[in-house]
file model-v8.cif (mmCIF, C-alpha atoms)
data_model
loop_
_atom_site.label_atom_id
_atom_site.label_comp_id
_atom_site.auth_asym_id
_atom_site.auth_seq_id
_atom_site.Cartn_x
_atom_site.Cartn_y
_atom_site.Cartn_z
CA MET A 320 -2.85 -23.93 40.27
CA THR A 321 -2.68 -21.68 43.31
CA GLU A 322 -4.61 -18.92 41.55
CA SER A 323 -7.76 -21.01 41.44
CA ALA A 324 -10.54 -21.26 43.99
CA PRO A 325 -9.97 -23.32 47.14
CA PRO A 326 -10.03 -27.07 46.58
CA ALA A 327 -13.28 -28.96 46.91
CA HIS A 328 -11.91 -30.90 49.87
CA SER A 329 -9.25 -30.07 52.42
CA PRO A 330 -6.15 -32.18 51.88
CA ALA A 331 -4.90 -34.62 54.44
CA PRO A 332 -1.35 -34.18 55.81
CA ASP A 333 0.05 -36.35 53.02
CA GLY A 334 -1.38 -34.08 50.32
CA ARG A 335 -4.40 -36.27 49.49
CA PRO A 336 -7.87 -34.69 49.71
CA ASP A 337 -10.27 -35.51 52.53
CA THR A 338 -13.34 -36.77 50.69
CA SER A 339 -15.37 -37.28 53.85
CA ARG A 340 -16.79 -33.72 53.73
CA PRO A 341 -18.87 -32.58 50.75
CA ARG A 342 -18.14 -29.32 49.01
CA GLU A 343 -20.35 -26.42 50.09
CA GLY A 344 -21.47 -23.94 47.47
CA GLY A 345 -19.36 -23.29 44.40
CA PRO A 346 -18.49 -20.65 41.83
CA PRO A 347 -21.29 -19.18 39.70
CA PRO A 348 -21.71 -20.52 36.17
CA PRO A 349 -19.37 -18.86 33.66
CA SER A 350 -20.66 -16.14 31.40
CA THR A 351 -20.83 -16.46 27.62
CA LEU A 352 -17.81 -14.17 27.40
CA LEU A 353 -15.78 -16.52 29.61
CA ARG A 354 -16.88 -19.61 27.70
CA ARG A 355 -15.85 -17.98 24.42
CA ALA A 356 -12.52 -16.95 25.93
CA ARG A 357 -11.95 -20.51 27.17
CA ALA A 358 -12.52 -21.76 23.62
CA ALA A 359 -9.99 -19.17 22.41
CA VAL A 360 -7.35 -20.41 24.85
CA PHE A 361 -8.04 -24.01 23.82
CA LEU A 362 -7.39 -22.98 20.21
CA LEU A 363 -4.20 -21.15 21.17
CA PHE A 364 -2.78 -24.23 22.93
CA PHE A 365 -3.81 -26.39 19.95
CA ILE A 366 -2.10 -24.03 17.49
CA ASN A 367 1.08 -23.96 19.56
CA ALA A 368 1.20 -27.76 19.63
CA ILE A 369 0.51 -28.61 16.00
CA ALA A 370 2.98 -26.06 14.62
CA TYR A 371 6.19 -27.88 15.61
CA ALA A 372 4.56 -31.32 15.80
CA ASN A 373 4.19 -31.28 12.01
CA ILE A 374 7.95 -30.79 11.64
CA VAL A 375 9.08 -33.46 14.12
CA PRO A 376 8.38 -36.67 12.15
CA ARG A 377 10.07 -35.21 9.07
CA LEU A 378 13.32 -34.22 10.78
CA PRO A 379 15.22 -37.27 9.36
CA GLU A 380 14.05 -36.25 5.87
CA ILE A 381 15.20 -32.67 6.47
CA ARG A 382 18.53 -33.95 7.81
CA ASP A 383 19.15 -36.13 4.75
CA SER A 384 18.00 -33.53 2.21
CA ILE A 385 20.50 -30.98 3.57
CA GLY A 386 23.21 -33.60 4.13
CA LEU A 387 23.67 -33.07 7.86
CA SER A 388 25.22 -35.35 10.44
CA ASN A 389 23.33 -36.19 13.61
CA THR A 390 25.52 -33.74 15.51
CA ALA A 391 24.75 -30.95 13.03
CA LEU A 392 21.02 -31.69 13.17
CA GLY A 393 21.16 -31.69 16.97
CA THR A 394 22.86 -28.30 17.10
CA ALA A 395 20.32 -26.92 14.62
CA ILE A 396 17.47 -28.20 16.79
CA ALA A 397 19.17 -26.61 19.81
CA ALA A 398 18.69 -23.22 18.15
CA MET A 399 15.02 -23.50 19.03
CA PRO A 400 15.48 -23.51 22.84
CA VAL A 401 18.17 -20.83 22.45
CA GLY A 402 15.56 -18.62 20.81
CA ALA A 403 13.11 -19.52 23.56
CA LEU A 404 15.60 -18.66 26.32
CA VAL A 405 16.32 -15.28 24.76
CA ALA A 406 12.68 -14.40 24.10
CA GLY A 407 11.55 -15.68 27.49
CA LEU A 408 13.28 -12.70 29.11
CA PHE A 409 10.97 -10.27 27.28
CA ALA A 410 7.71 -12.23 27.02
CA GLY A 411 6.23 -10.81 30.22
CA ALA A 412 6.88 -7.19 29.29
CA MET A 413 5.46 -7.72 25.80
CA GLY A 414 2.32 -9.29 27.21
CA ALA A 415 1.83 -6.39 29.62
CA ARG A 416 2.11 -3.88 26.76
CA ILE A 417 0.13 -5.68 24.04
CA GLY A 418 -2.20 -7.86 26.09
CA SER A 419 -1.72 -11.59 26.58
CA GLY A 420 -4.52 -12.73 24.30
CA ARG A 421 -3.60 -10.48 21.41
CA LEU A 422 0.08 -11.34 21.78
CA ALA A 423 -0.66 -15.09 21.69
CA ALA A 424 -2.85 -14.66 18.60
CA LEU A 425 -0.13 -12.64 16.87
CA CYS A 426 2.29 -15.49 17.58
CA ALA A 427 -0.16 -17.85 15.88
CA PHE A 428 0.18 -15.75 12.72
CA GLY A 429 3.95 -15.79 13.24
CA PHE A 430 3.90 -19.59 13.26
CA ALA A 431 1.80 -19.54 10.09
CA ALA A 432 4.70 -17.80 8.35
CA ALA A 433 7.61 -19.51 10.12
CA VAL A 434 6.61 -23.17 9.79
CA PRO A 435 6.68 -23.19 5.95
CA LEU A 436 10.11 -21.51 6.01
CA VAL A 437 11.61 -24.76 7.35
CA SER A 438 10.89 -26.46 4.03
CA PHE A 439 13.04 -23.86 2.20
CA ALA A 440 16.15 -24.50 4.34
CA SER A 441 18.96 -25.82 2.14
CA VAL A 442 21.95 -25.41 4.49
CA TRP A 443 22.53 -25.80 8.23
CA ALA A 444 22.47 -22.06 8.93
CA MET A 445 19.06 -21.59 7.30
CA LEU A 446 17.58 -24.49 9.25
CA ALA A 447 19.06 -23.19 12.52
CA CYS A 448 17.65 -19.70 11.87
CA CYS A 449 14.20 -21.11 11.14
CA LEU A 450 14.23 -23.15 14.32
CA PHE A 451 15.54 -20.18 16.32
CA LEU A 452 12.54 -18.17 15.09
CA LEU A 453 10.20 -21.01 16.06
CA GLY A 454 11.74 -21.00 19.54
CA VAL A 455 11.20 -17.24 19.91
CA LEU A 456 7.56 -17.57 18.89
CA ASP A 457 7.05 -20.59 21.14
CA ALA A 458 8.40 -18.88 24.28
CA ILE A 459 6.37 -15.71 23.76
CA MET A 460 3.20 -17.60 22.89
CA ASP A 461 3.68 -20.01 25.80
CA ALA A 462 3.83 -17.18 28.34
CA ALA A 463 1.00 -15.24 26.69
CA MET A 464 -1.48 -18.09 26.30
CA ASN A 465 -0.86 -19.31 29.87
CA THR A 466 -1.37 -15.77 31.19
CA HIS A 467 -4.63 -15.42 29.25
CA GLY A 468 -5.64 -18.87 30.44
CA LEU A 469 -5.11 -17.72 34.04
CA ARG A 470 -7.38 -14.72 33.37
CA VAL A 471 -10.08 -17.10 32.19
CA GLN A 472 -9.44 -19.41 35.14
CA ARG A 473 -9.91 -16.56 37.62
CA GLY A 474 -13.22 -15.79 35.97
CA TYR A 475 -14.32 -19.41 36.29
CA GLY A 476 -13.32 -19.49 39.97
CA ARG A 477 -11.87 -23.00 39.67
CA SER A 478 -8.84 -24.68 38.15
CA ILE A 479 -9.09 -25.24 34.40
CA LEU A 480 -5.47 -24.68 33.34
CA SER A 481 -4.64 -28.39 33.25
CA SER A 482 -7.30 -28.93 30.58
CA PHE A 483 -5.51 -26.42 28.35
CA HIS A 484 -2.25 -28.37 28.70
CA GLY A 485 -4.16 -31.57 27.99
CA LEU A 486 -5.42 -30.09 24.73
CA TRP A 487 -1.84 -29.05 23.90
CA SER A 488 -0.98 -32.75 24.04
CA VAL A 489 -3.98 -33.50 21.80
CA GLY A 490 -2.64 -30.99 19.30
CA ALA A 491 0.81 -32.57 19.44
CA VAL A 492 -0.68 -36.01 18.74
CA VAL A 493 -2.84 -34.69 15.90
CA GLY A 494 0.09 -32.84 14.37
CA GLY A 495 2.38 -35.84 14.70
CA LEU A 496 -0.18 -38.22 13.18
CA LEU A 497 -0.90 -35.81 10.32
CA SER A 498 2.77 -35.34 9.54
CA THR A 499 3.50 -39.07 9.78
CA THR A 500 0.60 -39.88 7.47
CA LEU A 501 1.61 -37.29 4.87
CA ALA A 502 5.24 -38.42 4.99
CA GLY A 503 4.16 -42.03 4.50
CA ALA A 504 1.98 -40.98 1.55
CA GLY A 505 4.94 -39.25 -0.08
CA VAL A 506 3.53 -35.71 0.13
CA PRO A 507 6.42 -33.27 -0.48
CA LEU A 508 7.62 -31.48 2.64
CA ARG A 509 7.12 -28.02 1.13
CA TRP A 510 3.48 -28.55 0.21
CA HIS A 511 2.86 -30.16 3.59
CA LEU A 512 4.24 -27.23 5.59
CA LEU A 513 2.64 -24.60 3.35
CA GLY A 514 -0.71 -26.25 4.04
CA ILE A 515 -0.03 -26.23 7.78
CA GLY A 516 0.87 -22.54 7.59
CA ALA A 517 -2.47 -21.79 5.93
CA LEU A 518 -4.30 -23.80 8.61
CA LEU A 519 -2.54 -21.91 11.41
CA ALA A 520 -3.50 -18.57 9.85
CA VAL A 521 -7.17 -19.60 9.66
CA LEU A 522 -7.14 -20.74 13.30
CA GLY A 523 -5.49 -17.46 14.33
CA VAL A 524 -8.30 -15.52 12.65
CA ALA A 525 -10.85 -17.66 14.51
CA VAL A 526 -9.21 -16.95 17.88
CA TRP A 527 -9.08 -13.16 17.68
CA PRO A 528 -12.78 -12.27 18.31
CA LEU A 529 -13.09 -14.80 21.17
CA LEU A 530 -10.40 -13.29 23.43
CA LEU A 531 -11.20 -11.47 26.68
CA PRO A 532 -11.27 -7.70 26.12
CA GLY A 533 -9.28 -5.17 28.10
CA ARG A 534 -5.92 -5.35 29.80
CA ASP A 535 -4.67 -8.31 31.76
CA GLU A 536 -5.61 -8.33 35.41
CA ASP A 537 -2.89 -8.33 38.03
CA GLU A 538 -2.31 -11.70 39.61
CA ALA A 539 -4.32 -12.09 42.79
CA PRO A 540 -2.12 -12.38 45.89
CA THR A 541 -2.00 -15.63 47.77
CA SER A 542 -3.89 -15.85 51.06
CA ALA A 543 -0.63 -15.52 53.02
CA GLU A 544 0.36 -12.42 51.05
CA ALA A 545 -3.10 -10.92 51.57
CA ARG A 546 -2.92 -11.42 55.33
CA GLN A 547 0.55 -9.90 55.38
CA THR A 548 -0.64 -6.85 53.45
CA GLU A 549 -3.60 -6.35 55.78
CA THR A 550 -1.56 -6.50 58.99
CA ALA A 551 1.81 -4.97 58.06
CA PRO A 552 2.39 -1.32 57.06
CA ALA A 553 4.75 -0.38 54.26
CA THR A 554 8.38 -0.49 55.35
CA PRO A 555 11.64 0.76 53.85
CA GLU A 556 14.09 -1.65 52.30
CA SER A 557 16.39 -1.45 55.30
CA SER A 558 13.62 -2.55 57.70
CA PRO A 559 13.51 -5.96 59.41
CA ALA A 560 10.66 -6.95 57.09
CA ALA A 561 12.79 -6.25 54.00
CA THR A 562 15.69 -8.14 55.55
CA ALA A 563 13.40 -11.09 56.24
CA ALA A 564 12.17 -10.95 52.63
CA ARG A 565 15.72 -11.17 51.31
CA ALA A 566 16.41 -14.07 53.68
CA GLY A 567 13.29 -15.79 52.39
CA LEU A 568 14.46 -15.37 48.81
CA LYS A 569 17.84 -16.86 49.70
CA ALA A 570 16.14 -19.82 51.41
CA ALA A 571 13.99 -20.34 48.32
CA LEU A 572 17.01 -20.56 46.02
CA LEU A 573 17.80 -24.24 46.64
CA PRO A 574 14.21 -25.48 46.11
CA LEU A 575 14.00 -23.40 42.93
CA LEU A 576 17.24 -24.86 41.60
CA LEU A 577 16.16 -28.42 42.44
CA LEU A 578 12.78 -27.90 40.77
CA GLY A 579 14.58 -26.40 37.76
CA LEU A 580 16.88 -29.44 37.57
CA LEU A 581 13.91 -31.80 37.79
CA LEU A 582 12.13 -29.94 35.01
CA ALA A 583 15.31 -29.89 32.92
CA MET A 584 15.32 -33.70 33.18
CA SER A 585 11.64 -33.72 32.25
CA SER A 586 12.54 -31.57 29.23
CA VAL A 587 15.09 -34.18 28.15
CA VAL A 588 12.37 -36.84 28.37
CA GLU A 589 9.91 -34.75 26.35
CA ASP A 590 12.37 -33.52 23.73
CA THR A 591 14.17 -36.77 22.85
CA PRO A 592 11.19 -38.66 21.33
CA ALA A 593 10.37 -35.52 19.33
CA SER A 594 13.88 -34.77 18.09
CA TRP A 595 15.36 -38.26 17.83
CA GLY A 596 12.65 -40.92 18.12
CA SER A 597 11.98 -41.11 14.40
CA ALA A 598 15.68 -41.03 13.48
CA LEU A 599 16.43 -43.77 16.04
CA LEU A 600 13.86 -46.14 14.61
CA GLN A 601 14.89 -45.46 11.01
CA ASP A 602 18.67 -45.59 11.55
CA ASP A 603 19.06 -48.29 14.22
CA TYR A 604 15.92 -50.37 13.77
CA GLY A 605 15.31 -50.12 10.00
CA ALA A 606 11.74 -48.85 10.43
CA SER A 607 9.90 -47.08 7.62
CA ALA A 608 9.29 -43.33 7.82
CA TRP A 609 5.61 -44.00 8.56
CA LEU A 610 6.28 -46.43 11.41
CA ALA A 611 9.16 -44.40 12.85
CA GLY A 612 6.87 -41.39 13.33
CA PHE A 613 4.95 -43.36 15.94
CA ALA A 614 7.81 -42.95 18.44
CA TYR A 615 6.68 -39.35 18.91
CA VAL A 616 2.98 -40.08 18.46
CA ALA A 617 2.99 -42.85 21.10
CA PHE A 618 4.77 -40.60 23.60
CA GLN A 619 2.36 -37.71 23.09
CA THR A 620 -0.74 -39.93 23.07
CA ALA A 621 0.19 -41.47 26.41
CA MET A 622 1.02 -38.06 27.85
CA THR A 623 -2.33 -36.71 26.66
CA ILE A 624 -4.26 -39.47 28.41
CA ALA A 625 -2.27 -39.04 31.60
CA ARG A 626 -2.65 -35.25 31.63
CA PHE A 627 -6.44 -35.45 31.49
CA THR A 628 -6.45 -37.92 34.40
CA GLY A 629 -3.35 -36.76 36.27
CA ASP A 630 -5.06 -34.28 38.61
CA ARG A 631 -7.20 -37.02 40.16
CA VAL A 632 -4.22 -39.37 40.50
CA VAL A 633 -2.08 -36.69 42.17
CA ASP A 634 -4.91 -35.71 44.53
CA ARG A 635 -5.32 -39.31 45.60
CA TYR A 636 -1.72 -40.44 45.98
CA GLY A 637 0.29 -37.22 46.39
CA ARG A 638 2.85 -35.54 44.12
CA VAL A 639 5.94 -37.26 45.48
CA PRO A 640 4.75 -40.89 45.01
CA VAL A 641 3.36 -40.09 41.55
CA ALA A 642 6.66 -38.46 40.50
CA ARG A 643 8.65 -41.46 41.76
CA VAL A 644 6.48 -43.89 39.82
CA GLY A 645 6.83 -41.57 36.84
CA GLY A 646 10.63 -41.74 37.06
CA LEU A 647 10.45 -45.54 37.04
CA LEU A 648 8.05 -45.54 34.07
CA ILE A 649 10.50 -43.34 32.19
CA ALA A 650 13.68 -45.26 33.00
CA VAL A 651 12.85 -48.96 33.25
CA PRO A 652 10.82 -49.76 30.07
CA LEU A 653 13.13 -47.80 27.77
CA SER A 654 16.29 -49.28 29.28
CA LEU A 655 14.91 -52.74 28.51
CA ALA A 656 13.58 -51.82 25.05
CA LEU A 657 16.90 -50.36 23.92
CA LEU A 658 18.51 -53.74 24.59
CA THR A 659 16.21 -55.37 22.03
CA HIS A 660 15.91 -55.08 18.24
CA SER A 661 12.13 -54.59 18.41
CA THR A 662 10.59 -51.43 16.99
CA PRO A 663 7.24 -52.04 18.77
CA ALA A 664 9.08 -52.43 22.09
CA VAL A 665 10.76 -49.03 21.68
CA ILE A 666 7.46 -47.38 20.69
CA ALA A 667 5.77 -48.92 23.75
CA ALA A 668 8.64 -47.71 25.96
CA PHE A 669 8.21 -44.15 24.64
CA ALA A 670 4.51 -44.44 25.53
CA CYS A 671 5.46 -45.44 29.10
CA ALA A 672 7.78 -42.43 29.26
CA GLY A 673 4.87 -40.20 28.22
CA LEU A 674 2.78 -41.58 31.08
CA GLY A 675 5.63 -41.01 33.52
CA ALA A 676 6.36 -37.43 32.45
CA ALA A 677 2.76 -36.20 32.20
CA THR A 678 2.32 -34.77 35.71
CA LEU A 679 5.86 -33.47 36.26
CA PHE A 680 5.45 -30.02 34.74
CA PRO A 681 2.12 -29.13 36.47
CA SER A 682 3.44 -30.49 39.80
CA ALA A 683 6.64 -28.47 39.49
CA MET A 684 4.68 -25.31 38.66
CA HIS A 685 2.51 -25.82 41.75
CA ALA A 686 5.57 -26.47 43.92
CA ALA A 687 7.33 -23.35 42.60
CA ALA A 688 4.24 -21.25 43.27
CA THR A 689 4.08 -22.37 46.93
CA ILE A 690 7.72 -21.84 47.97
CA PRO A 691 7.79 -19.50 51.00
CA GLY A 692 9.68 -16.25 50.62
CA ILE A 693 8.90 -15.42 46.97
CA ARG A 694 5.86 -14.48 44.92
CA SER A 695 4.21 -17.39 43.14
CA SER A 696 4.58 -15.70 39.73
CA ASP A 697 8.32 -15.25 40.25
CA GLY A 698 8.78 -18.88 41.32
CA VAL A 699 6.94 -20.16 38.27
CA ALA A 700 8.88 -17.86 35.93
CA VAL A 701 12.28 -18.93 37.29
CA VAL A 702 11.52 -22.65 37.15
CA SER A 703 10.01 -22.38 33.66
CA TRP A 704 13.10 -20.61 32.38
CA LEU A 705 15.41 -23.22 33.94
CA ALA A 706 13.34 -26.00 32.34
CA ARG A 707 14.29 -24.75 28.89
CA VAL A 708 17.93 -25.57 29.62
CA GLY A 709 17.01 -29.23 29.15
CA PHE A 710 15.50 -28.48 25.74
CA LEU A 711 18.69 -26.62 24.84
CA ALA A 712 21.16 -29.28 25.98
CA ALA A 713 19.42 -32.50 24.96
CA PRO A 714 19.33 -32.33 21.12
CA PRO A 715 23.04 -31.62 20.45
CA LEU A 716 24.19 -34.02 23.17
CA VAL A 717 22.09 -36.89 21.83
CA GLY A 718 23.25 -36.10 18.30
CA LEU A 719 26.91 -36.01 19.36
CA ILE A 720 26.61 -39.37 21.12
CA GLY A 721 24.74 -40.70 18.08
CA ASP A 722 27.64 -39.80 15.79
CA ARG A 723 30.37 -41.00 18.15
CA ILE A 724 28.67 -44.20 19.35
CA SER A 725 25.05 -44.72 18.24
CA LEU A 726 21.68 -43.04 18.53
CA ARG A 727 20.59 -45.93 20.73
CA VAL A 728 23.14 -44.89 23.33
CA GLY A 729 22.26 -41.22 22.90
CA VAL A 730 18.56 -41.86 23.48
CA ALA A 731 19.51 -43.70 26.67
CA MET A 732 19.85 -40.20 28.17
CA ILE A 733 16.14 -40.58 28.89
CA VAL A 734 16.97 -43.44 31.24
CA VAL A 735 19.42 -41.24 33.16
CA ALA A 736 16.84 -38.44 33.29
CA GLY A 737 14.20 -40.82 34.67
CA LEU A 738 16.52 -41.98 37.44
CA LEU A 739 17.32 -38.37 38.38
CA ILE A 740 13.60 -37.57 38.48
CA LEU A 741 13.14 -40.52 40.83
CA ALA A 742 15.90 -39.14 43.08
CA LEU A 743 14.60 -35.54 43.01
CA ALA A 744 10.89 -36.28 43.48
CA LYS A 745 10.98 -35.32 47.16
CA VAL A 746 11.29 -31.65 46.14
CA PHE A 747 7.51 -31.77 45.50
CA ALA A 748 6.85 -32.39 49.23
CA PRO A 749 6.65 -28.69 50.24
CA ALA A 750 3.83 -28.19 47.73
CA ASP A 751 1.82 -31.00 49.32
CA ARG A 752 2.41 -29.55 52.78
CA SER A 753 1.37 -26.06 51.66
CA MET A 754 -1.93 -27.38 50.40
CA SER A 755 -2.60 -28.82 53.83
CA GLU A 756 -1.70 -25.54 55.54
CA GLU A 757 -3.88 -23.41 53.24
CA SER A 758 -6.91 -25.57 53.97
CA ARG A 759 -6.84 -24.82 57.72
#
call {"tool": "encode", "arguments": {"input": "model-v8.cif", "output": "structure tokens"}}
result
Amino acid sequence: MTESAPPAHSPAPDGRPDTSRPREGGPPPPSTLLRRARAAVFLLFFINAIAYANIVPRLPEIRDSIGLSNTALGTAIAAMPVGALVAGLFAGAMGARIGSGRLAALCAFGFAAAVPLVSFASVWAMLACCLFLLGVLDAIMDAAMNTHGLRVQRGYGRSILSSFHGLWSVGAVVGGLLSTTLAGAGVPLRWHLLGIGALLAVLGVAVWPLLLPGRDEDEAPTSAEARQTETAPATPESSPAATAARAGLKAALLPLLLLGLLLAMSSVVEDTPASWGSALLQDDYGASAWLAGFAYVAFQTAMTIARFTGDRVVDRYGRVPVARVGGLLIAVPLSLALLTHSTPAVIAAFACAGLGAATLFPSAMHAAATIPGIRSSDGVAVVSWLARVGFLAAPPLVGLIGDRISLRVGVAMIVVAGLLILALAKVFAPADRSMSEESR
């Protein structure tokens, strides 16, 4: 992240670090307050992940109990990103008023109430409303916990945000495994989700006293912005400086849109195993409910491993090559597996897709934060909002194709997304170049 301390080594022109010079000095050790706050953010990311992950493997059961078609289930699932898109417009203002840590913890209690409500849905409208509420909570909590994580990161003086996202993947795997196990054991959905709600409430209580006190700090300006502030006096909007700023924003529009499109494709890759992996294996491959749940678990497990190792891989090889390999890992194995009748082959292909998608979101956030002409916070906010379009469009489109043709063809959207990611990977190049420039 650009908000962190300077990298240990200056990058080479291709974006890889120069390891020939040792790091001099380093940030002071974190205080007890910071370590406690880091633990709080870890818990917040874990809570956010396990909440929906416990619903995912049981979506086919929910579909069948209500009597929905795949198209109807897909449109109900799409209510979640709709809620997230709406709430995302207000998340920043709410965090500024309430405080990011407190707002994220309040969302944890919201999840504790909202997750069990899904088990009471008996018609499409009730299910869609429940998922809409989950989307609202997810968008607000996502912005709040990342903002609080950035506060902690600034205190540490080095990048730690990726570790939070890695633990989110751990929570998704744990939630998926727990839900799959309980479904295989025949535990009723209602008792399962009521238990998860109680667990989320307990974790929310544990988080509250660990949060950083006080109001959120303003984001530190980038080095370029700081130099500009030191050397340039305030100017009216009609000045040449203001005109240049507007021109810079216009020039940044295309990179932002391309990054948003890439992340929308990444959203398709991440959403499809969650929303449709289990249904695909049960409907088209005849897998049991227990085995079908591993479509999502395999994807998230592979993504978790890759997220904890992805920073070193990106530093060594560069964002563009890693993204291109990721696009191939997403598209090629699944395109081959969907041509077979093998459940293990499809599960393994979802795992490959998890490896391929793991670094895309952090790389896109870094690229958005280093686009000339706009503030890093604005670039990240725009690209994050655009990414949710993929989560909105994917579920109903896959469900519609599943009803008209087959879920196997619908899930093949991941293959198309992987190929588009391969084609768009070059949009990460400016981020690699900016790292080289900042190190001079």
call {"tool": "resolve_selection", "arguments": {"input": "model-v8.cif", "expression": "the PyMOL selection byres ((chain A and resi 628) around 12)", "output": "PDB file with C-alpha atoms, keeping the file's coordinate frame"}}
result
ATOM      1  CA  SER A 481      -4.640 -28.390  33.250  1.00  0.00           C
ATOM      2  CA  SER A 482      -7.300 -28.930  30.580  1.00  0.00           C
ATOM      3  CA  HIS A 484      -2.250 -28.370  28.700  1.00  0.00           C
ATOM      4  CA  GLY A 485      -4.160 -31.570  27.990  1.00  0.00           C
ATOM      5  CA  ALA A 621       0.190 -41.470  26.410  1.00  0.00           C
ATOM      6  CA  MET A 622       1.020 -38.060  27.850  1.00  0.00           C
ATOM      7  CA  THR A 623      -2.330 -36.710  26.660  1.00  0.00           C
ATOM      8  CA  ILE A 624      -4.260 -39.470  28.410  1.00  0.00           C
ATOM      9  CA  ALA A 625      -2.270 -39.040  31.600  1.00  0.00           C
ATOM     10  CA  ARG A 626      -2.650 -35.250  31.630  1.00  0.00           C
ATOM     11  CA  PHE A 627      -6.440 -35.450  31.490  1.00  0.00           C
ATOM     12  CA  GLY A 629      -3.350 -36.760  36.270  1.00  0.00           C
ATOM     13  CA  ASP A 630      -5.060 -34.280  38.610  1.00  0.00           C
ATOM     14  CA  ARG A 631      -7.200 -37.020  40.160  1.00  0.00           C
ATOM     15  CA  VAL A 632      -4.220 -39.370  40.500  1.00  0.00           C
ATOM     16  CA  VAL A 633      -2.080 -36.690  42.170  1.00  0.00           C
ATOM     17  CA  ASP A 634      -4.910 -35.710  44.530  1.00  0.00           C
ATOM     18  CA  ARG A 635      -5.320 -39.310  45.600  1.00  0.00           C
ATOM     19  CA  LEU A 674       2.780 -41.580  31.080  1.00  0.00           C
ATOM     20  CA  ALA A 677       2.760 -36.200  32.200  1.00  0.00           C
ATOM     21  CA  THR A 678       2.320 -34.770  35.710  1.00  0.00           C
TER      22      THR A 678
END
call {"tool": "closest_residue", "arguments": {"input": "model-v8.cif", "among": "A:Arg534, A:His467, A:Arg723, A:His660", "to": "A:Ala358", "atoms": "only C-alpha atoms"}}
result
A:His467
call {"tool": "residues_around", "arguments": {"input": "model-v8.cif", "residues": "A:Trp704", "least_positions_apart": "6", "cutoff": "10 Å", "atoms": "all atoms listed in the file", "output": "list in words"}}
result
Ala403, Leu404, Val405, Gly407, Leu408, Ala458, Gly579, Leu582 and Ala583 of chain A
call {"tool": "residues_around", "arguments": {"input": "model-v8.cif", "residues": "A:Ala398", "least_positions_apart": "6", "cutoff": "8 Å", "atoms": "all atoms listed in the file", "output": "JSON, numbers by chain"}}
result
{"A": [447, 448, 450, 451, 454, 711]}
call {"tool": "resolve_selection", "arguments": {"input": "model-v8.cif", "expression": "the PyMOL selection byres ((chain A and resi 502-505) around 12)", "output": "ChimeraX atom specification"}}
result
/A:373-381,495-501,506-512,597,606-613
call {"tool": "resolve_selection", "arguments": {"input": "model-v8.cif", "expression": "the PyMOL selection byres ((chain A and resi 591) around 10)", "output": "NGL selection string"}}
result
:A and (586-590 or 592-597 or 614-615 or 669 or 710 or 713-714 or 717 or 729-733)
call {"tool": "residues_around", "arguments": {"input": "model-v8.cif", "residues": "stretch 424-441 of chain A", "least_positions_apart": "4", "cutoff": "9 Å", "atoms": "all atoms listed in the file", "output": "PyMOL selection string"}}
result
chain A and resi 363+366-367+370-371+373-374+381+384-385+419-420+445-447+449-450+452-453+456-457+459-460+463-464+508-524+526-527
call {"tool": "closest_residue", "arguments": {"input": "model-v8.cif", "among": "A:Arg707, A:Arg382, A:Arg421, A:Arg416", "to": "A:Met584", "atoms": "all atoms listed in the file"}}
result
A:Arg707
call {"tool": "atom_distance", "arguments": {"input": "model-v8.cif", "atom1": "atom CA of A:Gly737", "atom2": "atom CA of A:Leu647"}}
result
6.5 Å
call {"tool": "residues_around", "arguments": {"input": "model-v8.cif", "residues": "A:Ala670", "least_positions_apart": "2", "cutoff": "9 Å", "atoms": "all atoms listed in the file", "output": "list of chain:residue names"}}
result
A:Ala614, A:Tyr615, A:Val616, A:Ala617, A:Phe618, A:Gln619, A:Thr620, A:Ala621, A:Met622, A:Val665, A:Ile666, A:Ala667, A:Ala668, A:Ala672, A:Gly673, A:Leu674, A:Gly675
call {"tool": "atom_distance", "arguments": {"input": "model-v8.cif", "atom1": "atom CA of A:Tyr636", "atom2": "atom CA of A:Phe365"}}
result
29.7 Å
